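model_38.cif, holding mmCIF, C-alpha atoms:
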data_final
#
loop_
_atom_site.label_atom_id
_atom_site.label_comp_id
_atom_site.auth_asym_id
_atom_site.auth_seq_id
_atom_site.Cartn_x
_atom_site.Cartn_y
_atom_site.Cartn_z
CA MET A 11 21.82 40.78 125.75
CA ARG A 12 22.25 43.90 127.92
CA ALA A 13 25.99 43.29 128.32
CA SER A 14 26.32 43.12 124.54
CA ARG A 15 24.39 46.39 124.20
CA LEU A 16 26.62 48.15 126.76
CA LEU A 17 29.66 47.05 124.80
CA SER A 18 28.02 48.34 121.63
CA VAL A 19 27.54 51.76 123.26
CA LEU A 20 31.25 51.88 124.06
CA LEU A 21 32.29 50.80 120.58
CA LEU A 22 29.96 53.28 118.91
CA LEU A 23 31.36 56.15 120.94
CA GLN A 24 34.90 54.93 120.40
CA THR A 25 34.31 54.80 116.65
CA HIS A 26 32.29 58.01 116.14
CA GLY A 27 33.64 60.21 118.91
CA ARG A 28 30.38 61.89 119.98
CA MET A 29 26.81 60.67 119.62
CA THR A 30 23.50 61.87 121.00
CA ALA A 31 21.12 59.61 122.94
CA ALA A 32 18.78 59.65 119.93
CA GLN A 33 21.56 58.54 117.59
CA LEU A 34 22.60 55.75 119.92
CA ALA A 35 18.98 54.63 120.32
CA GLU A 36 18.56 54.49 116.54
CA ARG A 37 21.73 52.45 116.01
CA LEU A 38 20.92 50.05 118.85
CA GLU A 39 17.19 49.89 118.02
CA VAL A 40 16.15 50.75 121.58
CA SER A 41 14.45 53.71 123.26
CA THR A 42 16.33 56.80 124.40
CA ARG A 43 15.28 55.93 127.96
CA THR A 44 17.16 52.65 127.60
CA VAL A 45 20.23 54.57 126.39
CA TYR A 46 20.07 56.82 129.46
CA ARG A 47 19.98 53.76 131.74
CA ASP A 48 22.89 52.18 129.86
CA VAL A 49 24.97 55.35 130.21
CA GLU A 50 24.30 55.40 133.95
CA SER A 51 25.41 51.76 134.20
CA LEU A 52 28.63 52.54 132.34
CA HIS A 53 29.27 55.48 134.67
CA ALA A 54 28.76 53.21 137.68
CA ALA A 55 31.25 50.73 136.21
CA GLY A 56 33.93 53.44 136.07
CA ILE A 57 33.90 54.06 132.32
CA PRO A 58 35.14 57.65 131.62
CA LEU A 59 32.03 58.66 129.72
CA TYR A 60 30.46 62.11 129.93
CA GLY A 61 27.68 64.09 128.31
CA GLU A 62 27.70 67.56 126.78
CA ALA A 63 24.59 69.73 126.62
CA GLY A 64 23.59 72.01 123.79
CA HIS A 65 22.91 71.76 120.08
CA ALA A 66 26.28 70.09 119.35
CA GLY A 67 26.21 68.01 122.53
CA GLY A 68 26.03 64.31 123.14
CA TYR A 69 27.92 61.56 124.88
CA ARG A 70 31.62 60.91 124.39
CA LEU A 71 34.54 59.10 125.99
CA VAL A 72 37.46 60.90 127.61
CA ASP A 73 40.12 61.59 124.96
CA GLY A 74 42.61 58.77 124.67
CA TRP A 75 40.48 56.14 126.42
CA ARG A 76 39.81 53.01 124.38
CA THR A 77 38.22 49.70 125.24
CA ARG A 78 40.05 46.55 124.23
CA LEU A 79 36.90 44.45 124.35
CA THR A 80 36.72 44.13 120.56
CA GLY A 81 37.16 40.37 120.26
CA LEU A 82 34.68 38.51 118.07
CA THR A 83 32.22 35.99 119.45
CA GLY A 84 32.00 32.59 117.82
CA GLU A 85 28.80 33.52 115.99
CA GLU A 86 30.27 36.79 114.75
CA ALA A 87 33.34 34.99 113.41
CA GLU A 88 31.07 32.52 111.62
CA ARG A 89 29.19 35.39 109.93
CA LEU A 90 32.32 37.34 108.98
CA PHE A 91 31.82 36.69 105.25
CA LEU A 92 28.50 38.60 105.42
CA ALA A 93 30.08 41.80 106.75
CA GLY A 94 29.76 43.54 103.39
CA LEU A 95 26.24 42.26 102.69
CA PRO A 96 23.94 43.80 105.32
CA GLY A 97 20.80 43.31 103.21
CA PRO A 98 21.23 39.57 102.57
CA ALA A 99 22.47 39.11 106.16
CA ALA A 100 19.22 40.61 107.48
CA GLU A 101 17.18 38.35 105.17
CA LEU A 102 19.00 35.34 106.60
CA GLY A 103 18.23 36.49 110.14
CA TYR A 104 21.81 37.54 110.94
CA GLY A 105 21.35 41.32 110.73
CA ALA A 106 22.05 42.05 114.40
CA VAL A 107 25.08 39.76 114.48
CA VAL A 108 26.61 41.34 111.38
CA ALA A 109 25.92 44.86 112.70
CA ALA A 110 27.78 44.02 115.92
CA LEU A 111 30.57 42.43 113.90
CA GLN A 112 30.96 45.52 111.72
CA LEU A 113 31.06 47.72 114.80
CA LYS A 114 33.83 45.63 116.37
CA LEU A 115 35.85 45.62 113.17
CA ASP A 116 35.58 49.41 112.94
CA ALA A 117 36.53 49.88 116.59
CA ALA A 118 39.57 47.63 116.24
CA LEU A 119 41.02 49.72 113.41
CA PRO A 120 43.27 52.71 114.06
CA PRO A 121 41.68 56.03 113.00
CA VAL A 122 43.56 56.30 109.68
CA LEU A 123 42.55 52.81 108.52
CA ARG A 124 39.01 53.31 109.83
CA ASP A 125 38.67 56.44 107.70
CA ARG A 126 39.88 54.54 104.64
CA ALA A 127 37.42 51.71 105.30
CA GLU A 128 34.59 54.21 105.64
CA ALA A 129 35.66 55.88 102.40
CA VAL A 130 35.35 52.53 100.60
CA ARG A 131 31.87 51.95 102.07
CA GLN A 132 30.80 55.39 100.85
CA ARG A 133 32.07 54.71 97.32
CA PHE A 134 31.12 51.08 96.63
CA HIS A 135 27.75 49.49 97.33
CA LEU A 136 26.38 46.09 96.35
CA ASP A 137 22.66 46.00 95.57
CA ALA A 138 21.88 42.32 94.98
CA PRO A 139 18.29 42.41 93.60
CA ASN A 140 17.71 43.28 89.95
CA TRP A 141 15.95 46.44 88.74
CA TYR A 142 12.44 45.02 88.66
CA SER A 143 12.44 43.19 91.98
CA ASP A 144 12.92 44.08 95.62
CA GLY A 145 14.47 40.69 96.26
CA ASP A 146 13.27 37.24 96.95
CA ALA A 147 11.74 37.50 100.41
CA SER A 148 10.49 34.27 101.91
CA PRO A 149 9.28 33.50 105.44
CA HIS A 150 11.23 30.24 105.20
CA LEU A 151 14.64 31.77 104.41
CA ALA A 152 15.85 32.15 108.02
CA PRO A 153 14.91 28.58 109.10
CA VAL A 154 16.47 27.24 105.89
CA ALA A 155 19.70 29.09 106.71
CA GLU A 156 19.64 27.71 110.26
CA ALA A 157 19.14 24.17 108.94
CA VAL A 158 22.05 24.64 106.51
CA TRP A 159 24.28 25.73 109.37
CA ARG A 160 23.15 23.05 111.84
CA GLN A 161 23.05 20.29 109.18
CA ARG A 162 19.43 19.46 110.02
CA ARG A 163 17.21 17.69 107.51
CA LEU A 164 14.18 19.48 106.13
CA ARG A 165 10.79 18.33 104.93
CA VAL A 166 9.38 20.78 102.40
CA ARG A 167 6.31 21.17 100.27
CA TYR A 168 7.71 22.78 97.15
CA ARG A 169 6.17 24.33 94.02
CA SER A 170 7.98 23.43 90.79
CA TRP A 171 7.05 23.57 87.11
CA GLN A 172 5.81 19.99 87.51
CA GLY A 173 3.43 20.98 90.31
CA GLU A 174 3.67 20.68 94.07
CA ARG A 175 5.99 18.09 95.59
CA VAL A 176 6.83 16.98 99.14
CA ARG A 177 10.50 16.17 99.64
CA GLN A 178 12.97 15.50 102.40
CA LEU A 179 16.20 17.41 101.87
CA ALA A 180 19.72 17.50 103.25
CA PRO A 181 20.53 21.24 102.89
CA TYR A 182 24.13 21.86 101.78
CA GLY A 183 24.14 25.62 101.23
CA LEU A 184 22.43 28.82 100.09
CA VAL A 185 23.22 30.88 96.99
CA LEU A 186 22.06 34.43 96.24
CA LYS A 187 21.79 34.89 92.47
CA GLY A 188 20.31 38.05 90.95
CA GLY A 189 18.40 38.84 94.14
CA ARG A 190 16.97 35.31 94.33
CA TRP A 191 17.85 32.78 97.02
CA TYR A 192 18.49 29.17 96.01
CA LEU A 193 18.85 26.24 98.37
CA VAL A 194 21.36 23.61 97.23
CA ALA A 195 20.27 20.35 98.81
CA ASP A 196 20.32 16.60 98.32
CA GLY A 197 16.87 15.12 97.93
CA GLY A 198 18.18 11.57 97.58
CA ARG A 199 19.56 11.78 94.04
CA GLY A 200 22.48 14.13 94.59
CA PRO A 201 22.63 17.92 94.93
CA ALA A 202 20.03 20.07 93.18
CA SER A 203 18.88 23.68 93.53
CA TYR A 204 15.52 24.86 94.86
CA ARG A 205 14.08 28.39 94.83
CA VAL A 206 13.56 29.29 98.48
CA ASN A 207 10.48 31.40 97.79
CA GLN A 208 8.85 28.40 96.11
CA ILE A 209 8.85 26.51 99.43
CA LEU A 210 5.23 26.49 100.57
CA GLU A 211 5.69 24.63 103.86
CA LEU A 212 8.81 23.74 105.81
CA THR A 213 9.51 21.50 108.78
CA THR A 214 12.93 21.23 110.38
CA LEU A 215 13.45 17.59 111.31
CA PRO A 216 15.30 16.45 114.44
CA GLU A 217 17.78 14.25 112.59
CA THR A 218 21.04 15.60 111.24
CA PHE A 219 23.10 14.54 108.23
CA ALA A 220 26.78 14.34 107.33
CA ARG A 221 27.70 16.97 104.76
CA PRO A 222 30.13 15.51 102.18
CA ALA A 223 33.63 16.68 103.09
CA ASP A 224 34.55 17.22 99.43
CA PHE A 225 31.44 19.21 98.47
CA ASP A 226 32.42 22.70 97.23
CA LEU A 227 29.33 24.92 97.05
CA ALA A 228 30.88 27.59 94.79
CA ALA A 229 32.33 25.01 92.38
CA TRP A 230 29.06 23.07 92.23
CA TRP A 231 27.09 26.24 91.53
CA ARG A 232 29.44 27.32 88.72
CA ALA A 233 29.13 23.88 87.09
CA SER A 234 25.35 23.95 87.50
CA VAL A 235 25.03 27.38 85.87
CA LEU A 236 27.27 26.32 82.97
CA ASP A 237 25.25 23.14 82.44
CA PHE A 238 22.01 25.15 82.52
CA ARG A 239 23.30 27.58 79.91
CA ASN A 240 24.49 24.77 77.67
CA ARG A 241 21.11 23.03 77.85
CA LEU A 242 19.28 26.31 77.44
CA HIS A 243 20.85 27.19 74.08
CA GLN A 244 20.66 24.01 72.01
CA GLY A 245 19.78 25.69 68.69
CA GLU A 246 21.37 28.45 66.65
CA ALA A 247 20.41 31.23 64.29
CA THR A 248 22.29 32.90 61.47
CA ILE A 249 21.76 36.66 61.53
CA ARG A 250 23.02 39.89 60.02
CA LEU A 251 23.77 42.79 62.34
CA SER A 252 24.23 46.47 61.55
CA PRO A 253 26.90 48.42 63.46
CA ARG A 254 24.13 49.82 65.68
CA GLY A 255 22.71 46.31 66.05
CA ARG A 256 26.04 45.02 67.37
CA GLU A 257 26.13 47.80 69.95
CA ARG A 258 22.53 47.15 70.94
CA LEU A 259 23.19 43.41 71.28
CA ARG A 260 26.04 44.14 73.71
CA GLU A 261 23.56 46.16 75.79
CA VAL A 262 20.64 43.71 75.91
CA GLY A 263 22.06 40.29 75.00
CA SER A 264 23.25 37.62 77.41
CA GLU A 265 26.99 37.12 77.86
CA LEU A 266 26.81 33.81 75.98
CA VAL A 267 24.99 35.28 72.97
CA VAL A 268 27.20 38.37 72.79
CA ALA A 269 30.38 36.29 72.99
CA ALA A 270 29.16 33.93 70.25
CA ALA A 271 28.08 36.82 68.02
CA GLU A 272 31.53 38.40 68.28
CA ALA A 273 33.44 35.13 67.84
CA ASN A 274 31.44 33.99 64.80
CA ALA A 275 31.19 37.37 63.03
CA GLY A 276 32.44 37.51 59.46
CA PRO A 277 33.98 40.56 57.78
CA PRO A 278 31.67 43.60 57.51
CA ASP A 279 30.10 44.41 54.14
CA ALA A 280 30.16 47.80 52.46
CA ASP A 281 27.50 49.10 54.86
CA GLY A 282 29.19 47.70 57.95
CA TRP A 283 26.77 44.79 58.46
CA VAL A 284 28.24 41.46 59.60
CA THR A 285 26.89 37.92 59.34
CA THR A 286 27.23 35.77 62.45
CA VAL A 287 25.77 32.75 64.26
CA VAL A 288 24.27 32.96 67.77
CA PRO A 289 22.88 30.28 70.11
CA ILE A 290 19.12 30.29 70.78
CA GLU A 291 16.92 28.50 73.27
CA SER A 292 13.96 28.21 70.88
CA THR A 293 12.44 30.12 67.97
CA THR A 294 9.86 31.62 70.34
CA HIS A 295 12.47 32.93 72.77
CA ALA A 296 14.73 34.10 69.96
CA HIS A 297 11.79 35.93 68.37
CA GLY A 298 11.25 37.96 71.54
CA ASP A 299 14.97 38.60 72.05
CA LEU A 300 15.69 39.71 68.49
CA LEU A 301 12.69 42.03 68.38
CA ARG A 302 14.62 44.16 70.88
CA LEU A 303 17.11 44.93 68.10
CA GLY A 304 14.41 46.26 65.78
CA ALA A 305 15.48 46.83 62.18
CA GLN A 306 19.16 46.51 63.10
CA VAL A 307 19.08 42.71 62.71
CA GLU A 308 18.07 40.41 59.87
CA VAL A 309 17.51 36.69 60.45
CA LEU A 310 18.79 34.47 57.63
CA ALA A 311 18.06 31.12 59.28
CA PRO A 312 16.16 29.23 60.51
CA ALA A 313 13.34 30.02 58.11
CA GLU A 314 10.69 29.67 60.82
CA LEU A 315 12.29 32.40 62.91
CA ARG A 316 12.68 34.67 59.89
CA GLU A 317 8.99 34.21 59.01
CA MET A 318 7.92 34.93 62.61
CA LEU A 319 9.83 38.21 62.66
CA ALA A 320 8.55 39.17 59.21
CA ALA A 321 4.96 38.54 60.33
CA THR A 322 5.46 40.63 63.46
CA GLY A 323 6.97 43.41 61.39
CA ALA A 324 4.01 43.36 59.02
CA ASP A 325 1.56 43.48 61.92
CA LEU A 326 3.40 46.44 63.45
CA ALA A 327 3.46 48.27 60.11
CA ALA A 328 -0.29 47.75 59.71
CA LEU A 329 -0.98 48.89 63.26
CA TYR A 330 1.00 52.11 62.89
CA ARG A 331 0.06 52.88 59.27
CA PRO A 332 -1.31 56.45 59.11
CA ALA A 333 -5.09 56.60 58.79
CA THR A 334 -6.41 57.79 55.39
CA GLY A 335 -9.45 59.94 54.73
#

Show how you would write the structure in this file as structure tokens.
Amino acid sequence: MRASRLLSVLLLLQTHGRMTAAQLAERLEVSTRTVYRDVESLHAAGIPLYGEAGHAGGYRLVDGWRTRLTGLTGEEAERLFLAGLPGPAAELGYGAVVAALQLKLDAALPPVLRDRAEAVRQRFHLDAPNWYSDGDASPHLAPVAEAVWRQRRLRVRYRSWQGERVRQLAPYGLVLKGGRWYLVADGGRGPASYRVNQILELTTLPETFARPADFDLAAWWRASVLDFRNRLHQGEATIRLSPRGRERLREVGSELVVAAAEANAGPPDADGWVTTVVPIESTTHAHGDLLRLGAQVEVLAPAELREMLAATGADLAALYRPATG
């Protein structure tokens, strides 16, 4: 652990040029006293490291000196794909490993390429959770990730829409979708997905399992999402959209609904309104979705959906009717 930290001190100084003890302590998540001791140890080992006093002071390496100890450990190489996802990496329990990996990658680059890499990091950022959630934190996420990696079976007590269930799972992989973590695992009937934050209790079992050699996590997830969408929208509605309604639908509608609305749209009438057909999950869901378009949409069919929207419109008109007398 200490040897790794000493190497991190070298790589930080090699990458940033000059850093104060406080800055090093913050990056390494240790005390400044620990940094002082580490610097003394590096001095004793013959590393050409010196400190400068004053407001613009700090520690730095002698110009031109570079360490070549930038090789990746086995664990760092395994976590390489998480290098651009520090938030999810920390949730999985790999934050320190990925931080060390990023530091080594930076140190291995020549200055010109390092500057370009830093410019990209300053201009593009991935924020996985959606607007109304800080993510999908779960105390079981790290042990689930470890079981996925070690191919260890899990026994879980899980909350589903059918109630609580106890299952034994062979965990194949983890997927982060819209800030939510899903475990793809075989519970005895083939792969299925489980919300990690719906796991109430978890036990890692001693026995391992053989992960199918031909199982492709990304391909399985794409097929699962497509199947879900197809089952989700089993009905359809015929609607009329104003020009503003078409724009609004592109802003608030799902990709599937927007694509269908555009593909099925007929020629615009004299006022620019078009008639089209869109998939719906149910009249109740469609009622809530179409209310977001206000008076820029008219439902022609099914009749039940049209009547529901008309009733809601009448209720709103009565609620907001100016008081008399």

Evaluate the PyMOL selection byres ((chain A and resi 162-178) around 12) against this structure - the residues, as a tab-separated table (two decimals) with C-alpha atoms, in the coordinates of the input, please.
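Writing the result to out.tsv gives the following:
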chain	number	residue	atom	x	y	z
A	150	HIS	CA	11.23	30.24	105.20
A	153	PRO	CA	14.91	28.58	109.10
A	154	VAL	CA	16.47	27.24	105.89
A	155	ALA	CA	19.70	29.09	106.71
A	156	GLU	CA	19.64	27.71	110.26
A	157	ALA	CA	19.14	24.17	108.94
A	158	VAL	CA	22.05	24.64	106.51
A	159	TRP	CA	24.28	25.73	109.37
A	160	ARG	CA	23.15	23.05	111.84
A	161	GLN	CA	23.05	20.29	109.18
A	179	LEU	CA	16.20	17.41	101.87
A	180	ALA	CA	19.72	17.50	103.25
A	181	PRO	CA	20.53	21.24	102.89
A	182	TYR	CA	24.13	21.86	101.78
A	183	GLY	CA	24.14	25.62	101.23
A	193	LEU	CA	18.85	26.24	98.37
A	195	ALA	CA	20.27	20.35	98.81
A	196	ASP	CA	20.32	16.60	98.32
A	197	GLY	CA	16.87	15.12	97.93
A	198	GLY	CA	18.18	11.57	97.58
A	199	ARG	CA	19.56	11.78	94.04
A	203	SER	CA	18.88	23.68	93.53
A	204	TYR	CA	15.52	24.86	94.86
A	205	ARG	CA	14.08	28.39	94.83
A	206	VAL	CA	13.56	29.29	98.48
A	207	ASN	CA	10.48	31.40	97.79
A	208	GLN	CA	8.85	28.40	96.11
A	209	ILE	CA	8.85	26.51	99.43
A	210	LEU	CA	5.23	26.49	100.57
A	211	GLU	CA	5.69	24.63	103.86
A	212	LEU	CA	8.81	23.74	105.81
A	213	THR	CA	9.51	21.50	108.78
A	214	THR	CA	12.93	21.23	110.38
A	215	LEU	CA	13.45	17.59	111.31
A	216	PRO	CA	15.30	16.45	114.44
A	217	GLU	CA	17.78	14.25	112.59
A	218	THR	CA	21.04	15.60	111.24
A	219	PHE	CA	23.10	14.54	108.23
A	220	ALA	CA	26.78	14.34	107.33
A	221	ARG	CA	27.70	16.97	104.76

I need the output of the PyMOL selection byres ((chain A and resi 273) around 12) for this file as a compact mmCIF listing (two decimals) with C-alpha atoms, keeping the file's coordinate frame; which residues are they?
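Below is the file out.txt, written as the result:
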# COMPACT_ATOMS: atom_id res chain seq x y z
CA LEU A 266 26.81 33.81 75.98
CA VAL A 267 24.99 35.28 72.97
CA VAL A 268 27.20 38.37 72.79
CA ALA A 269 30.38 36.29 72.99
CA ALA A 270 29.16 33.93 70.25
CA ALA A 271 28.08 36.82 68.02
CA GLU A 272 31.53 38.40 68.28
CA ASN A 274 31.44 33.99 64.80
CA ALA A 275 31.19 37.37 63.03
CA GLY A 276 32.44 37.51 59.46
CA PRO A 277 33.98 40.56 57.78
CA VAL A 284 28.24 41.46 59.60
CA THR A 285 26.89 37.92 59.34
CA THR A 286 27.23 35.77 62.45
CA VAL A 287 25.77 32.75 64.26
CA VAL A 288 24.27 32.96 67.77
CA PRO A 289 22.88 30.28 70.11

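The space between atom CA of Trp283 of chain A and atom CA of Arg239 of chain A spans 27.7 Å.
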
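For the pair atom CA of Glu62 of chain A and atom CA of Arg15 of chain A, the separation is 21.6 Å.
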
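Proximity to Pro253 of chain A was assessed for A:Val40, A:Ala280, A:Leu227, A:Ala63 counting all atoms listed in the file; the smallest distance is recorded for A:Ala280.
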
Could you give me the axis-aligned bounding box of segment 276-281 of chain A, with 3 Å of padding per side, as centre plus edge lengths in Å to one decimal, as JSON?
{"center_x": 30.7, "center_y": 43.3, "center_z": 56.0, "size_x": 12.5, "size_y": 17.6, "size_z": 13.0}

> Care to translate the PyMOL selection byres ((chain A and resi 321-333) around 12) into actual residues of this file, as a list in words?
Replying inline: His297, Gly298, Leu300, Leu301, Gly304, Ala305, Glu308, Glu314, Leu315, Arg316, Glu317, Met318, Leu319, Ala320, Thr334 and Gly335 of chain A

Spatial sel., origin (33.9, 57.6, 122.0), limit 6 Å, all atoms listed in the file, listed as a short mmCIF file (atom, residue, chain, number, x, y, z; two decimals) with C-alpha atoms, in the frame of the given file:
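What follows is the written file out_3.cif:
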data_model
loop_
_atom_site.label_atom_id
_atom_site.label_comp_id
_atom_site.auth_asym_id
_atom_site.auth_seq_id
_atom_site.Cartn_x
_atom_site.Cartn_y
_atom_site.Cartn_z
CA LEU A 23 31.36 56.15 120.94
CA GLN A 24 34.90 54.93 120.40
CA GLY A 27 33.64 60.21 118.91
CA ARG A 28 30.38 61.89 119.98
CA ARG A 70 31.62 60.91 124.39
CA LEU A 71 34.54 59.10 125.99
#

Written coordinates, N, CA and C atoms of segment 166-192 of chain A as a PDB file, in the first residue's frame:
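Below is the file that was written, out22.pdb:
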ATOM      1  N   VAL A 166     -29.907 -14.200  -2.963  1.00  0.00           N
ATOM      2  CA  VAL A 166     -30.446 -12.864  -2.721  1.00  0.00           C
ATOM      3  C   VAL A 166     -31.900 -12.945  -2.291  1.00  0.00           C
ATOM      4  N   ARG A 167     -32.260 -12.008  -1.434  1.00  0.00           N
ATOM      5  CA  ARG A 167     -33.688 -11.748  -1.172  1.00  0.00           C
ATOM      6  C   ARG A 167     -34.002 -10.472  -1.928  1.00  0.00           C
ATOM      7  N   TYR A 168     -34.948 -10.580  -2.853  1.00  0.00           N
ATOM      8  CA  TYR A 168     -35.137  -9.551  -3.874  1.00  0.00           C
ATOM      9  C   TYR A 168     -36.589  -9.086  -3.864  1.00  0.00           C
ATOM     10  N   ARG A 169     -36.783  -7.757  -4.004  1.00  0.00           N
ATOM     11  CA  ARG A 169     -38.130  -7.190  -4.077  1.00  0.00           C
ATOM     12  C   ARG A 169     -38.514  -6.983  -5.544  1.00  0.00           C
ATOM     13  N   SER A 170     -39.567  -7.604  -5.986  1.00  0.00           N
ATOM     14  CA  SER A 170     -40.073  -7.414  -7.349  1.00  0.00           C
ATOM     15  C   SER A 170     -41.533  -6.980  -7.280  1.00  0.00           C
ATOM     16  N   TRP A 171     -42.138  -6.735  -8.435  1.00  0.00           N
ATOM     17  CA  TRP A 171     -43.541  -6.329  -8.449  1.00  0.00           C
ATOM     18  C   TRP A 171     -44.456  -7.443  -7.956  1.00  0.00           C
ATOM     19  N   GLN A 172     -43.957  -8.676  -7.919  1.00  0.00           N
ATOM     20  CA  GLN A 172     -44.723  -9.803  -7.408  1.00  0.00           C
ATOM     21  C   GLN A 172     -44.541 -10.003  -5.908  1.00  0.00           C
ATOM     22  N   GLY A 173     -43.693  -9.183  -5.283  1.00  0.00           N
ATOM     23  CA  GLY A 173     -43.402  -9.340  -3.870  1.00  0.00           C
ATOM     24  C   GLY A 173     -41.960  -9.765  -3.656  1.00  0.00           C
ATOM     25  N   GLU A 174     -41.629 -10.153  -2.459  1.00  0.00           N
ATOM     26  CA  GLU A 174     -40.264 -10.550  -2.152  1.00  0.00           C
ATOM     27  C   GLU A 174     -40.020 -12.004  -2.550  1.00  0.00           C
ATOM     28  N   ARG A 175     -38.828 -12.253  -3.082  1.00  0.00           N
ATOM     29  CA  ARG A 175     -38.443 -13.592  -3.509  1.00  0.00           C
ATOM     30  C   ARG A 175     -37.018 -13.871  -3.035  1.00  0.00           C
ATOM     31  N   VAL A 176     -36.721 -15.137  -2.765  1.00  0.00           N
ATOM     32  CA  VAL A 176     -35.365 -15.574  -2.467  1.00  0.00           C
ATOM     33  C   VAL A 176     -34.895 -16.430  -3.635  1.00  0.00           C
ATOM     34  N   ARG A 177     -33.749 -16.037  -4.216  1.00  0.00           N
ATOM     35  CA  ARG A 177     -33.256 -16.746  -5.398  1.00  0.00           C
ATOM     36  C   ARG A 177     -31.748 -16.943  -5.312  1.00  0.00           C
ATOM     37  N   GLN A 178     -31.299 -17.998  -5.971  1.00  0.00           N
ATOM     38  CA  GLN A 178     -29.871 -18.236  -6.121  1.00  0.00           C
ATOM     39  C   GLN A 178     -29.500 -17.895  -7.555  1.00  0.00           C
ATOM     40  N   LEU A 179     -28.502 -17.045  -7.712  1.00  0.00           N
ATOM     41  CA  LEU A 179     -28.185 -16.489  -9.026  1.00  0.00           C
ATOM     42  C   LEU A 179     -26.740 -16.779  -9.414  1.00  0.00           C
ATOM     43  N   ALA A 180     -26.546 -16.957 -10.716  1.00  0.00           N
ATOM     44  CA  ALA A 180     -25.212 -16.989 -11.309  1.00  0.00           C
ATOM     45  C   ALA A 180     -25.030 -15.641 -12.005  1.00  0.00           C
ATOM     46  N   PRO A 181     -24.270 -14.711 -11.408  1.00  0.00           N
ATOM     47  CA  PRO A 181     -24.184 -13.348 -11.952  1.00  0.00           C
ATOM     48  C   PRO A 181     -23.272 -13.272 -13.182  1.00  0.00           C
ATOM     49  N   TYR A 182     -23.847 -12.837 -14.306  1.00  0.00           N
ATOM     50  CA  TYR A 182     -23.096 -12.741 -15.559  1.00  0.00           C
ATOM     51  C   TYR A 182     -22.479 -11.367 -15.781  1.00  0.00           C
ATOM     52  N   GLY A 183     -23.162 -10.306 -15.345  1.00  0.00           N
ATOM     53  CA  GLY A 183     -22.633  -8.972 -15.612  1.00  0.00           C
ATOM     54  C   GLY A 183     -23.494  -7.888 -15.002  1.00  0.00           C
ATOM     55  N   LEU A 184     -22.978  -6.653 -15.036  1.00  0.00           N
ATOM     56  CA  LEU A 184     -23.675  -5.477 -14.534  1.00  0.00           C
ATOM     57  C   LEU A 184     -23.858  -4.472 -15.658  1.00  0.00           C
ATOM     58  N   VAL A 185     -25.011  -3.811 -15.664  1.00  0.00           N
ATOM     59  CA  VAL A 185     -25.317  -2.796 -16.679  1.00  0.00           C
ATOM     60  C   VAL A 185     -25.778  -1.533 -15.969  1.00  0.00           C
ATOM     61  N   LEU A 186     -25.231  -0.385 -16.363  1.00  0.00           N
ATOM     62  CA  LEU A 186     -25.668   0.911 -15.848  1.00  0.00           C
ATOM     63  C   LEU A 186     -26.545   1.557 -16.908  1.00  0.00           C
ATOM     64  N   LYS A 187     -27.826   1.730 -16.591  1.00  0.00           N
ATOM     65  CA  LYS A 187     -28.798   2.276 -17.541  1.00  0.00           C
ATOM     66  C   LYS A 187     -29.532   3.435 -16.880  1.00  0.00           C
ATOM     67  N   GLY A 188     -29.345   4.652 -17.406  1.00  0.00           N
ATOM     68  CA  GLY A 188     -30.045   5.809 -16.864  1.00  0.00           C
ATOM     69  C   GLY A 188     -29.775   6.039 -15.394  1.00  0.00           C
ATOM     70  N   GLY A 189     -28.545   5.758 -14.929  1.00  0.00           N
ATOM     71  CA  GLY A 189     -28.212   5.944 -13.529  1.00  0.00           C
ATOM     72  C   GLY A 189     -28.622   4.794 -12.638  1.00  0.00           C
ATOM     73  N   ARG A 190     -29.196   3.730 -13.220  1.00  0.00           N
ATOM     74  CA  ARG A 190     -29.646   2.583 -12.434  1.00  0.00           C
ATOM     75  C   ARG A 190     -28.812   1.360 -12.791  1.00  0.00           C
ATOM     76  N   TRP A 191     -28.402   0.627 -11.769  1.00  0.00           N
ATOM     77  CA  TRP A 191     -27.602  -0.573 -11.962  1.00  0.00           C
ATOM     78  C   TRP A 191     -28.500  -1.799 -12.050  1.00  0.00           C
ATOM     79  N   TYR A 192     -28.245  -2.619 -13.068  1.00  0.00           N
ATOM     80  CA  TYR A 192     -28.976  -3.870 -13.259  1.00  0.00           C
ATOM     81  C   TYR A 192     -27.979  -5.032 -13.256  1.00  0.00           C
TER      82      TYR A 192
END
